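Q: Have a peek at input-v5.csv (CSV, C-alpha atoms).
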```csv
chain,number,residue,atom,x,y,z
U,336,MET,CA,89.8,113.5,154.4
U,337,ALA,CA,88.8,114.1,150.8
U,338,ARG,CA,91.8,116.4,150.4
U,339,ALA,CA,94.2,113.8,151.8
U,340,LEU,CA,92.8,111.2,149.4
U,341,GLY,CA,93.3,113.6,146.6
U,342,TRP,CA,97.0,113.7,147.3
U,343,VAL,CA,97.3,109.9,147.7
U,344,LEU,CA,94.9,109.0,144.9
U,345,PRO,CA,95.4,111.2,141.8
U,346,GLY,CA,92.0,111.8,140.2
U,347,TRP,CA,90.0,111.4,143.4
U,348,SER,CA,89.6,115.1,144.0
U,349,HIS,CA,88.4,115.6,140.4
U,350,LEU,CA,85.7,112.9,141.0
U,351,THR,CA,84.5,114.7,144.1
U,352,ARG,CA,84.1,117.9,142.0
U,353,GLY,CA,82.2,116.1,139.3
U,354,GLU,CA,85.0,116.1,136.8
U,355,LEU,CA,84.4,112.5,135.7
U,356,ARG,CA,86.1,112.7,132.3
U,357,ARG,CA,89.4,113.9,133.8
U,358,GLY,CA,89.3,112.2,137.2
U,359,LEU,CA,88.3,108.7,136.2
U,360,PRO,CA,91.2,108.0,133.7
U,361,LEU,CA,93.8,109.4,136.2
U,362,LEU,CA,92.4,107.2,139.0
U,363,VAL,CA,92.3,104.1,136.8
U,364,VAL,CA,95.8,104.6,135.6
U,365,TRP,CA,97.2,105.3,139.1
U,366,CYS,CA,95.4,102.3,140.6
U,367,SER,CA,96.6,100.0,137.8
U,368,LEU,CA,100.2,101.2,138.4
U,369,LEU,CA,99.9,100.6,142.1
U,370,LEU,CA,98.5,97.1,141.5
U,371,MET,CA,101.4,96.3,139.3
U,372,VAL,CA,103.8,97.6,141.9
U,373,VAL,CA,102.2,95.3,144.5
U,374,LEU,CA,102.0,92.2,142.4
U,375,ARG,CA,105.5,92.6,140.8
U,376,SER,CA,107.3,94.1,143.8
U,377,ASP,CA,110.0,91.4,143.7
U,378,ARG,CA,110.8,92.2,140.0
U,379,ILE,CA,110.7,95.9,140.6
U,380,LEU,CA,113.1,95.8,143.6
U,381,HIS,CA,115.6,93.7,141.6
U,382,SER,CA,115.2,95.5,138.3
U,383,TRP,CA,118.0,98.0,138.9
U,384,LYS,CA,120.5,95.1,139.1
U,385,GLY,CA,119.2,93.7,135.8
U,386,GLY,CA,119.9,94.6,132.3
U,387,LEU,CA,119.3,97.7,130.3
U,388,TRP,CA,115.6,96.9,129.6
U,389,GLU,CA,114.9,96.2,133.2
U,390,GLN,CA,116.5,99.5,134.3
U,391,SER,CA,114.7,101.4,131.6
U,392,ALA,CA,111.4,99.8,132.7
U,393,LEU,CA,112.0,101.0,136.3
U,394,VAL,CA,112.9,104.6,135.2
U,395,PHE,CA,109.8,104.7,132.9
U,396,LEU,CA,107.6,103.4,135.7
U,397,LEU,CA,108.8,106.1,138.1
U,398,CYS,CA,108.4,108.8,135.4
U,399,LEU,CA,104.9,107.6,134.6
U,400,MET,CA,103.8,107.6,138.2
U,401,ALA,CA,105.3,111.1,138.7
U,402,GLY,CA,103.6,112.3,135.5
U,403,VAL,CA,100.1,111.0,136.5
U,404,TRP,CA,100.5,112.6,139.9
U,405,GLY,CA,101.7,115.9,138.4
U,406,VAL,CA,98.8,116.1,135.9
U,407,SER,CA,96.4,115.5,138.8
U,408,ARG,CA,97.8,118.6,140.6
U,409,ARG,CA,97.0,121.0,137.7
U,410,PRO,CA,94.4,123.6,138.5
U,411,ALA,CA,90.8,122.5,138.1
U,412,GLY,CA,89.3,123.2,134.7
U,413,THR,CA,92.7,123.3,132.9
U,414,ARG,CA,92.5,121.5,129.6
U,415,ILE,CA,95.1,120.5,127.1
U,416,GLU,CA,94.0,123.2,124.7
U,417,GLU,CA,94.5,125.8,127.4
U,418,ALA,CA,97.9,124.4,128.4
U,419,LEU,CA,99.1,124.7,124.9
U,420,SER,CA,100.2,128.2,123.8
U,421,PRO,CA,97.6,129.8,121.5
U,422,GLY,CA,98.4,129.0,117.9
U,423,PRO,CA,98.8,126.1,115.5
U,424,ALA,CA,99.5,123.5,118.3
U,425,ALA,CA,96.2,124.2,120.1
U,426,ARG,CA,94.3,124.3,116.8
U,427,LEU,CA,95.9,121.0,115.7
U,428,TRP,CA,95.0,119.3,119.0
U,429,THR,CA,91.4,120.6,118.8
U,430,GLY,CA,90.9,119.4,115.3
U,431,PHE,CA,92.5,116.0,116.1
U,432,THR,CA,90.3,115.3,119.1
U,433,ARG,CA,87.2,115.8,117.1
U,434,ASN,CA,88.1,112.6,115.2
U,435,ARG,CA,87.1,109.9,117.8
U,436,SER,CA,88.7,107.1,115.8
U,437,ALA,CA,92.0,109.0,115.7
U,438,VAL,CA,91.8,109.5,119.5
U,439,ALA,CA,91.2,105.8,119.9
U,440,GLY,CA,94.2,105.0,117.8
U,441,LEU,CA,96.3,107.4,119.8
U,442,VAL,CA,95.2,105.7,123.0
U,443,VAL,CA,96.1,102.2,121.6
U,444,ILE,CA,99.5,103.4,120.5
U,445,VAL,CA,100.2,104.9,124.0
U,446,LEU,CA,99.1,101.7,125.6
U,447,LEU,CA,101.2,99.5,123.3
U,448,TYR,CA,104.4,101.5,124.0
U,449,CYS,CA,103.7,101.6,127.7
U,450,ALA,CA,103.2,97.8,127.7
U,451,MET,CA,106.5,97.5,125.7
U,452,LEU,CA,108.5,99.6,128.1
U,453,LEU,CA,107.0,97.9,131.1
U,454,ALA,CA,107.3,94.4,129.7
U,455,PRO,CA,109.7,93.1,132.4
U,456,PHE,CA,107.0,93.8,135.0
U,457,LEU,CA,103.9,92.9,133.0
U,458,ALA,CA,105.1,89.7,131.3
U,459,PRO,CA,103.9,86.6,133.2
U,460,GLU,CA,107.3,84.9,132.7
U,461,GLY,CA,109.4,87.9,133.2
U,462,SER,CA,113.1,87.4,132.5
U,463,GLU,CA,112.4,83.6,132.4
U,464,TYR,CA,110.9,84.0,128.9
U,465,GLY,CA,112.8,82.0,126.3
U,466,ARG,CA,114.3,79.5,128.8
U,467,ALA,CA,112.9,76.2,127.7
U,468,ALA,CA,111.3,74.1,130.5
U,469,LEU,CA,112.8,70.6,130.6
U,470,GLY,CA,111.4,67.2,131.4
U,471,GLU,CA,107.8,66.6,132.2
U,472,GLU,CA,107.1,70.2,133.1
U,473,GLY,CA,108.2,71.3,129.6
U,474,LEU,CA,106.0,68.7,127.9
U,475,ALA,CA,103.0,69.6,130.1
U,476,ARG,CA,103.3,73.3,129.1
U,477,GLN,CA,103.5,72.8,125.3
U,478,SER,CA,100.7,74.4,123.2
U,479,LEU,CA,98.4,75.0,126.1
U,480,PRO,CA,95.2,76.9,125.2
U,481,PRO,CA,94.4,80.3,126.8
U,482,SER,CA,93.8,80.0,130.5
U,483,TRP,CA,94.0,82.1,133.7
U,484,ALA,CA,97.7,81.1,134.2
U,485,ASN,CA,98.5,81.8,130.5
U,486,PRO,CA,95.9,84.4,129.2
U,487,LEU,CA,97.0,83.9,125.6
U,488,GLY,CA,98.2,80.3,125.9
U,489,THR,CA,101.6,78.8,125.3
U,490,ASP,CA,103.5,77.9,122.2
U,491,HIS,CA,105.1,74.6,121.1
U,492,GLN,CA,108.3,75.6,123.1
U,493,SER,CA,106.3,75.9,126.3
U,494,ARG,CA,106.7,79.7,126.3
U,495,ASP,CA,104.0,82.0,127.5
U,496,LEU,CA,102.5,83.8,124.4
U,497,LEU,CA,101.6,87.0,126.2
U,498,SER,CA,105.2,87.4,127.4
U,499,GLY,CA,106.3,86.7,123.8
U,500,LEU,CA,104.1,89.5,122.5
U,501,LEU,CA,105.2,92.0,125.1
U,502,TYR,CA,108.9,91.3,124.5
U,503,GLY,CA,108.3,91.1,120.7
U,504,ALA,CA,106.8,94.5,120.8
U,505,ARG,CA,110.2,95.9,121.7
U,506,ILE,CA,111.5,94.8,118.3
U,507,SER,CA,108.5,95.4,116.1
U,508,LEU,CA,107.6,98.8,117.5
U,509,SER,CA,111.1,100.0,118.0
U,510,ILE,CA,112.2,99.1,114.4
U,511,GLY,CA,109.1,100.9,113.1
U,512,LEU,CA,110.0,104.1,114.9
U,513,LEU,CA,113.7,104.0,114.2
U,514,ALA,CA,113.4,103.1,110.5
U,515,VAL,CA,110.8,105.8,109.9
U,516,ALA,CA,112.8,108.4,111.8
U,517,ILE,CA,115.9,107.7,109.7
U,518,SER,CA,113.9,107.7,106.4
U,519,VAL,CA,112.0,110.9,107.2
U,520,THR,CA,115.3,112.7,108.1
U,521,ILE,CA,117.0,111.6,104.9
U,522,GLY,CA,114.0,112.1,102.7
U,523,ALA,CA,113.2,115.6,104.1
U,524,THR,CA,116.8,116.8,103.8
U,525,LEU,CA,117.2,115.6,100.2
U,526,GLY,CA,113.8,116.7,99.1
U,527,ALA,CA,114.3,120.2,100.5
U,528,ILE,CA,117.8,120.5,98.9
U,529,ALA,CA,116.5,119.3,95.5
U,530,ALA,CA,113.6,121.8,95.5
U,531,TYR,CA,115.5,124.8,96.8
U,532,TRP,CA,118.7,124.5,94.9
U,533,GLY,CA,117.2,123.1,91.7
U,534,GLY,CA,119.3,122.6,88.5
U,535,TRP,CA,121.6,119.6,88.3
U,536,THR,CA,121.2,119.0,92.1
U,537,ASP,CA,117.5,118.5,91.7
U,538,SER,CA,118.0,116.2,88.6
U,539,VAL,CA,120.6,114.0,90.4
U,540,ILE,CA,118.5,113.5,93.5
U,541,MET,CA,115.3,112.9,91.7
U,542,ARG,CA,116.9,110.4,89.3
U,543,LEU,CA,118.2,108.5,92.4
U,544,VAL,CA,114.7,108.6,93.8
U,545,ASP,CA,113.3,107.1,90.6
U,546,MET,CA,116.0,104.4,90.6
U,547,VAL,CA,115.2,103.3,94.1
U,548,MET,CA,111.4,103.4,93.5
U,549,ALA,CA,111.8,101.3,90.3
U,550,PHE,CA,112.4,98.2,92.4
U,551,PRO,CA,109.5,96.5,94.3
U,552,ARG,CA,110.1,97.4,97.9
U,553,LEU,CA,109.7,93.9,99.3
U,554,VAL,CA,112.0,92.3,96.7
U,555,LEU,CA,114.6,95.0,97.4
U,556,LEU,CA,114.4,94.4,101.1
U,557,ILE,CA,114.8,90.7,100.7
U,558,ALA,CA,117.9,91.2,98.5
U,559,ILE,CA,119.5,93.7,101.0
U,560,VAL,CA,118.9,91.5,104.0
U,561,ALA,CA,120.0,88.3,102.1
U,562,ILE,CA,123.3,89.9,101.0
U,563,PHE,CA,124.2,91.2,104.5
U,564,GLN,CA,123.9,89.2,107.7
U,565,PRO,CA,120.4,89.6,109.1
U,566,ASN,CA,120.5,91.6,112.3
U,567,LEU,CA,118.7,94.6,113.8
U,568,PHE,CA,121.0,97.2,112.2
U,569,THR,CA,120.7,95.6,108.8
U,570,ILE,CA,116.9,95.5,109.0
U,571,ILE,CA,116.5,99.1,110.2
U,572,ALA,CA,118.9,100.3,107.5
U,573,ALA,CA,117.1,98.3,104.8
U,574,LEU,CA,113.7,99.6,105.8
U,575,ALA,CA,114.9,103.2,106.0
U,576,PHE,CA,116.8,103.0,102.7
U,577,THR,CA,113.7,101.8,100.8
U,578,GLN,CA,111.3,104.3,102.3
U,579,TRP,CA,113.0,107.7,102.1
U,580,PRO,CA,112.2,108.3,98.3
U,581,LEU,CA,108.5,108.8,99.1
U,582,THR,CA,109.3,111.4,101.7
U,583,THR,CA,111.7,113.1,99.3
U,584,ARG,CA,109.0,113.5,96.6
U,585,LEU,CA,106.5,114.9,99.2
U,586,VAL,CA,108.9,117.4,100.7
U,587,ARG,CA,110.2,118.5,97.3
U,588,GLY,CA,106.6,119.4,96.2
U,589,GLU,CA,106.0,121.2,99.5
U,590,ILE,CA,109.2,123.3,99.3
U,591,LEU,CA,108.6,124.2,95.6
U,592,ALA,CA,105.3,125.7,96.7
U,593,LEU,CA,106.6,127.3,99.9
U,594,LYS,CA,109.7,129.0,98.4
U,595,GLU,CA,107.5,131.2,96.2
U,596,ARG,CA,105.5,132.5,99.3
U,597,GLU,CA,105.8,136.0,100.6
U,598,PHE,CA,107.7,135.0,103.8
U,599,ALA,CA,110.4,133.3,101.7
U,600,GLU,CA,110.8,136.3,99.4
U,601,ALA,CA,111.1,138.5,102.5
U,602,ALA,CA,113.8,136.3,103.9
U,603,ARG,CA,115.7,136.5,100.7
U,604,ALA,CA,115.3,140.3,100.5
U,605,LEU,CA,116.8,140.5,104.0
U,606,GLY,CA,119.9,138.8,102.8
U,607,PHE,CA,119.5,135.5,104.7
U,608,SER,CA,121.6,132.6,103.5
U,609,ARG,CA,120.1,129.7,101.6
U,610,ARG,CA,120.8,127.3,104.4
U,611,ARG,CA,119.0,129.5,106.9
U,612,ILE,CA,116.0,130.1,104.7
U,613,LEU,CA,115.7,126.4,103.9
U,614,PHE,CA,116.1,124.9,107.4
U,615,LEU,CA,114.7,127.7,109.5
U,616,HIS,CA,111.8,129.0,107.4
U,617,LEU,CA,110.8,126.5,104.7
U,618,LEU,CA,111.2,123.1,106.3
U,619,PRO,CA,109.3,123.9,109.5
U,620,ASN,CA,106.3,124.9,107.3
U,621,ALA,CA,106.4,121.5,105.7
U,622,PHE,CA,106.4,119.7,109.1
U,623,GLY,CA,102.7,118.9,109.1
U,624,PRO,CA,102.7,116.6,106.0
U,625,LEU,CA,105.9,115.1,107.3
U,626,VAL,CA,104.2,114.1,110.6
U,627,VAL,CA,101.3,112.4,108.6
U,628,VAL,CA,103.7,110.5,106.4
U,629,ALA,CA,105.8,109.4,109.3
U,630,THR,CA,102.8,108.2,111.3
U,631,LEU,CA,101.4,106.2,108.3
U,632,GLY,CA,104.9,104.9,107.5
U,633,VAL,CA,105.3,103.3,111.0
U,634,GLY,CA,102.4,101.0,110.3
U,635,ASN,CA,103.8,100.0,106.9
U,636,THR,CA,107.2,99.4,108.4
U,637,ILE,CA,105.8,97.1,111.1
U,638,ILE,CA,104.2,95.0,108.4
U,639,LEU,CA,107.4,94.8,106.3
U,640,GLU,CA,109.4,93.8,109.4
U,641,ALA,CA,106.9,91.1,110.2
U,642,ALA,CA,107.0,89.9,106.6
U,643,LEU,CA,110.8,89.6,106.7
U,644,SER,CA,110.6,87.8,110.1
U,645,PHE,CA,108.0,85.5,108.6
U,646,LEU,CA,110.4,84.7,105.7
U,647,GLU,CA,113.1,84.0,108.3
U,648,LEU,CA,115.1,87.0,107.1
U,649,GLY,CA,114.3,89.2,110.1
U,650,VAL,CA,115.7,89.4,113.6
U,651,PRO,CA,118.3,86.8,114.7
U,652,ALA,CA,117.3,83.6,116.4
U,653,GLY,CA,116.4,84.0,120.0
U,654,VAL,CA,115.1,87.5,119.6
U,655,PRO,CA,111.3,87.6,119.7
U,656,SER,CA,109.2,89.7,117.3
U,657,TRP,CA,105.6,89.6,116.2
U,658,GLY,CA,106.4,88.4,112.7
U,659,LYS,CA,108.6,85.6,114.0
U,660,LEU,CA,105.8,84.4,116.4
U,661,VAL,CA,103.4,84.3,113.4
U,662,ALA,CA,105.9,82.3,111.5
U,663,GLU,CA,106.5,79.9,114.4
U,664,GLY,CA,102.8,79.3,114.8
U,665,ARG,CA,102.0,78.6,111.1
U,666,THR,CA,102.9,74.9,111.4
U,667,HIS,CA,100.6,74.6,114.4
U,668,LEU,CA,97.5,76.2,113.2
U,669,PHE,CA,95.3,73.2,113.7
U,670,ASN,CA,96.4,72.2,117.2
U,671,ALA,CA,97.5,75.6,118.5
U,672,TRP,CA,95.7,78.3,116.5
U,673,TRP,CA,96.2,81.0,119.2
U,674,ILE,CA,100.0,81.4,118.4
U,675,SER,CA,99.6,82.9,115.0
U,676,THR,CA,96.2,84.3,115.6
U,677,PHE,CA,97.1,86.5,118.6
U,678,SER,CA,100.4,87.5,117.1
U,679,GLY,CA,98.7,88.5,113.9
U,680,LEU,CA,96.1,90.5,115.8
U,681,ALA,CA,98.8,92.4,117.6
U,682,ILE,CA,100.2,93.5,114.2
U,683,VAL,CA,96.8,94.4,112.9
U,684,LEU,CA,96.0,96.4,116.0
U,685,ALA,CA,99.3,98.4,115.9
U,686,VAL,CA,99.0,99.1,112.2
U,687,LEU,CA,95.4,100.1,112.4
U,688,ALA,CA,96.1,102.5,115.3
U,689,PHE,CA,98.9,104.2,113.4
U,690,ASN,CA,96.8,104.5,110.3
U,691,LEU,CA,93.9,106.0,112.3
U,692,VAL,CA,96.3,108.6,113.9
U,693,GLY,CA,97.7,109.4,110.5
U,694,ASP,CA,94.3,110.0,109.1
U,695,GLY,CA,93.3,112.1,112.1
U,696,LEU,CA,96.4,114.3,111.7
U,697,ARG,CA,95.8,114.7,108.0
U,698,ASP,CA,92.3,115.9,108.6
U,699,ALA,CA,93.4,118.2,111.4
U,700,LEU,CA,96.1,119.7,109.3
U,701,ASP,CA,93.8,120.1,106.2
U,702,PRO,CA,90.3,120.9,107.5
U,703,ARG,CA,88.9,120.7,103.9
U,704,GLN,CA,89.6,116.9,103.8
U,705,GLY,CA,87.7,115.6,106.9
U,706,ARG,CA,86.2,116.0,110.3
U,707,GLY,CA,89.1,118.0,111.7
U,708,GLY,CA,87.7,121.2,110.4
U,709,ARG,CA,84.1,120.9,111.4
U,710,PRO,CA,82.9,123.8,113.6
```
Step by step, read the file and then write its structure as structure tokens.
A:
Amino acid sequence: MARALGWVLPGWSHLTRGELRRGLPLLVVWCSLLLMVVLRSDRILHSWKGGLWEQSALVFLLCLMAGVWGVSRRPAGTRIEEALSPGPAARLWTGFTRNRSAVAGLVVIVLLYCAMLLAPFLAPEGSEYGRAALGEEGLARQSLPPSWANPLGTDHQSRDLLSGLLYGARISLSIGLLAVAISVTIGATLGAIAAYWGGWTDSVIMRLVDMVMAFPRLVLLIAIVAIFQPNLFTIIAALAFTQWPLTTRLVRGEILALKEREFAEAARALGFSRRRILFLHLLPNAFGPLVVVATLGVGNTIILEAALSFLELGVPAGVPSWGKLVAEGRTHLFNAWWISTFSGLAIVLAVLAFNLVGDGLRDALDPRQGRGGRP
């Protein structure tokens, strides 16, 4: 019987063996997913006929359930450190997990992105969000305080605020990741080229970096978005364009130090091309600082996107985002304080989580700076 329950309920067999730290999270996640499937069965069954977000949510739900079940079938006693190949990855994970605040930040980030991807199933209003209720029903739902039916209340347009935060996470979190990914790619490439080639190439790239960094970033963002039509592409491009100089400076310093190391000299002695030495030997060794900068940059990008949305220079009308929800609630602070408050807390929670993870990665990569290197 216990073995059969172990196949049906991932984590149950671990609990029966006394592996509480591994079995309880698996069982809680699996039961939560099953509960969502039961309560939102109508949405899940019709999601494949919906739009791209609904179809993506269905695929992610199936992959998540398969992943939880697969993890539960691993041999008893297998830990993440043992699953990783012996080397830097295992040492990085060990050092990172010693920082409890960083682990808590990672858990929050995972939960936020899971909630974002499963928004069509989790949001109380579902696909009905954004459709204004008319007549007496609409008036009765305006600016309702938090309740069982609306856990975070409703706004002045009769929309459920929890649904708005879940759908707004698509924009805020996605823009943060995309903009940072683009900026890190551009900055790492230019910084590596400037450091390794040197000469006039280094001078041109670094003078361009100085020119971009001479402008206050928020002012430059407002100018770029105001000149072009505000849309998702413009916002992502503007955020990436104003962030890459910091990455360029960091990578340039790392490559200048790495290219004098023994492995770089050995690669040159073997006759490898500059491109191969740079992109296959030097840049991978600068990956650690890049990850830290990218993690910290996501939080900063989320704040800047929220600032642009607050100034009505962000995403187009009809597209929810956390910054836009804060802006919409600022005129209703006295009679509907929950609109701006919960939207602002979502931004604070996401930014704090990314900063905690960034600090944890920094300590794990450089044990001399923090708790990551304690024995």
Q: Using only C-alpha atoms, which residue out of U:Leu687, U:Gly358, U:Ile379, U:Ala392 lies closest to Gly346 in chain U?
A: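 When distances to Gly346 in chain U are compared using only C-alpha atoms, the smallest one comes from U:Gly358.
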Q: Rounded to one decimal place, report the CA of Val406 in chain U-CA of Leu368 in chain U distance in Å.
A: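 Computing it gives 15.2 Å between the two atoms.
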Q: For a test of reading the model, state the distance in Å between CA of Pro480 in chain U and CA of Ala671 in chain U, rounded to one decimal.
A: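 Straight-line distance from CA of Pro480 in chain U to CA of Ala671 in chain U works out to 7.2 Å.
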Q: What does the distance from CA of Val343 in chain U to CA of Leu370 in chain U come to in Å, to one decimal?
A: 14.3 Å
Q: Name all residues at most 12 Å from range 444-447 of chain U (count all atoms listed in the file; drop same-chain ones fewer than 3 positions away) and give them as a ChimeraX atom specification.
A: /U:364,399,437-441,450-454,500-505,507-509,512,630,633-634,681-682,684-693
Q: Find the residue from U:Asp694, U:Glu600, U:Asp545, U:Glu640 that sits nearest to Arg584 in chain U; use all atoms listed in the file when measuring.
A: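 Among U:Asp694, U:Glu600, U:Asp545, U:Glu640, it is U:Asp545 that comes nearest to Arg584 in chain U.
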Q: Take the point (112.6, 107.3, 102.2) in the file's coordinates, draw a sphere of radius 10 Å around it, and report as a ChimeraX atom specification every protein, DNA or RNA residue with an atom inside or on it, counting all atoms listed in the file.
A: /U:514-523,525-526,544,547-548,574-584,632
Q: Can you pull out every residue within 12 Å of Ala484 in chain U, counting only C-alpha atoms, but drop anything in the same chain fewer than 5 positions away, and send it as a ChimeraX atom specification?
A: /U:458-460,476,479,489,495-498
Q: So that I can see what lies close to Glu589 in chain U, please list as an MDAnalysis selection string the residues with an atom at most 12 Å from it, counting only C-alpha atoms and leaving out residues fewer than 5 positions away in the same chain.
A: chainID U and resid 523 526:531 582:584 594:596 613 617:625
Q: Keeping C-alpha atoms, export the residues of the selection given above as a short mmCIF file (atom, residue, chain, number, x, y, z; two decimals), keeping the file's coordinate frame.
A:
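Output file out33.cif is given in full below:
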```cif
data_model
loop_
_atom_site.label_atom_id
_atom_site.label_comp_id
_atom_site.auth_asym_id
_atom_site.auth_seq_id
_atom_site.Cartn_x
_atom_site.Cartn_y
_atom_site.Cartn_z
CA ALA U 523 113.20 115.60 104.10
CA GLY U 526 113.80 116.70 99.10
CA ALA U 527 114.30 120.20 100.50
CA ILE U 528 117.80 120.50 98.90
CA ALA U 529 116.50 119.30 95.50
CA ALA U 530 113.60 121.80 95.50
CA TYR U 531 115.50 124.80 96.80
CA THR U 582 109.30 111.40 101.70
CA THR U 583 111.70 113.10 99.30
CA ARG U 584 109.00 113.50 96.60
CA LYS U 594 109.70 129.00 98.40
CA GLU U 595 107.50 131.20 96.20
CA ARG U 596 105.50 132.50 99.30
CA LEU U 613 115.70 126.40 103.90
CA LEU U 617 110.80 126.50 104.70
CA LEU U 618 111.20 123.10 106.30
CA PRO U 619 109.30 123.90 109.50
CA ASN U 620 106.30 124.90 107.30
CA ALA U 621 106.40 121.50 105.70
CA PHE U 622 106.40 119.70 109.10
CA GLY U 623 102.70 118.90 109.10
CA PRO U 624 102.70 116.60 106.00
CA LEU U 625 105.90 115.10 107.30
#
```
Q: Pick from U:Leu639, U:Ala599, U:Leu457, U:Val443: nearest to Met371 in chain U, with all atoms listed in the file counted?
A: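 Among U:Leu639, U:Ala599, U:Leu457, U:Val443, it is U:Leu457 that comes nearest to Met371 in chain U.
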Q: Using only C-alpha atoms, find the one residue out of U:Asn635, U:Ser644, U:Asp490, U:Ala572 that sits nearest to Leu668 in chain U.
A: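 Result for the nearest residue to Leu668 in chain U: U:Asp490.
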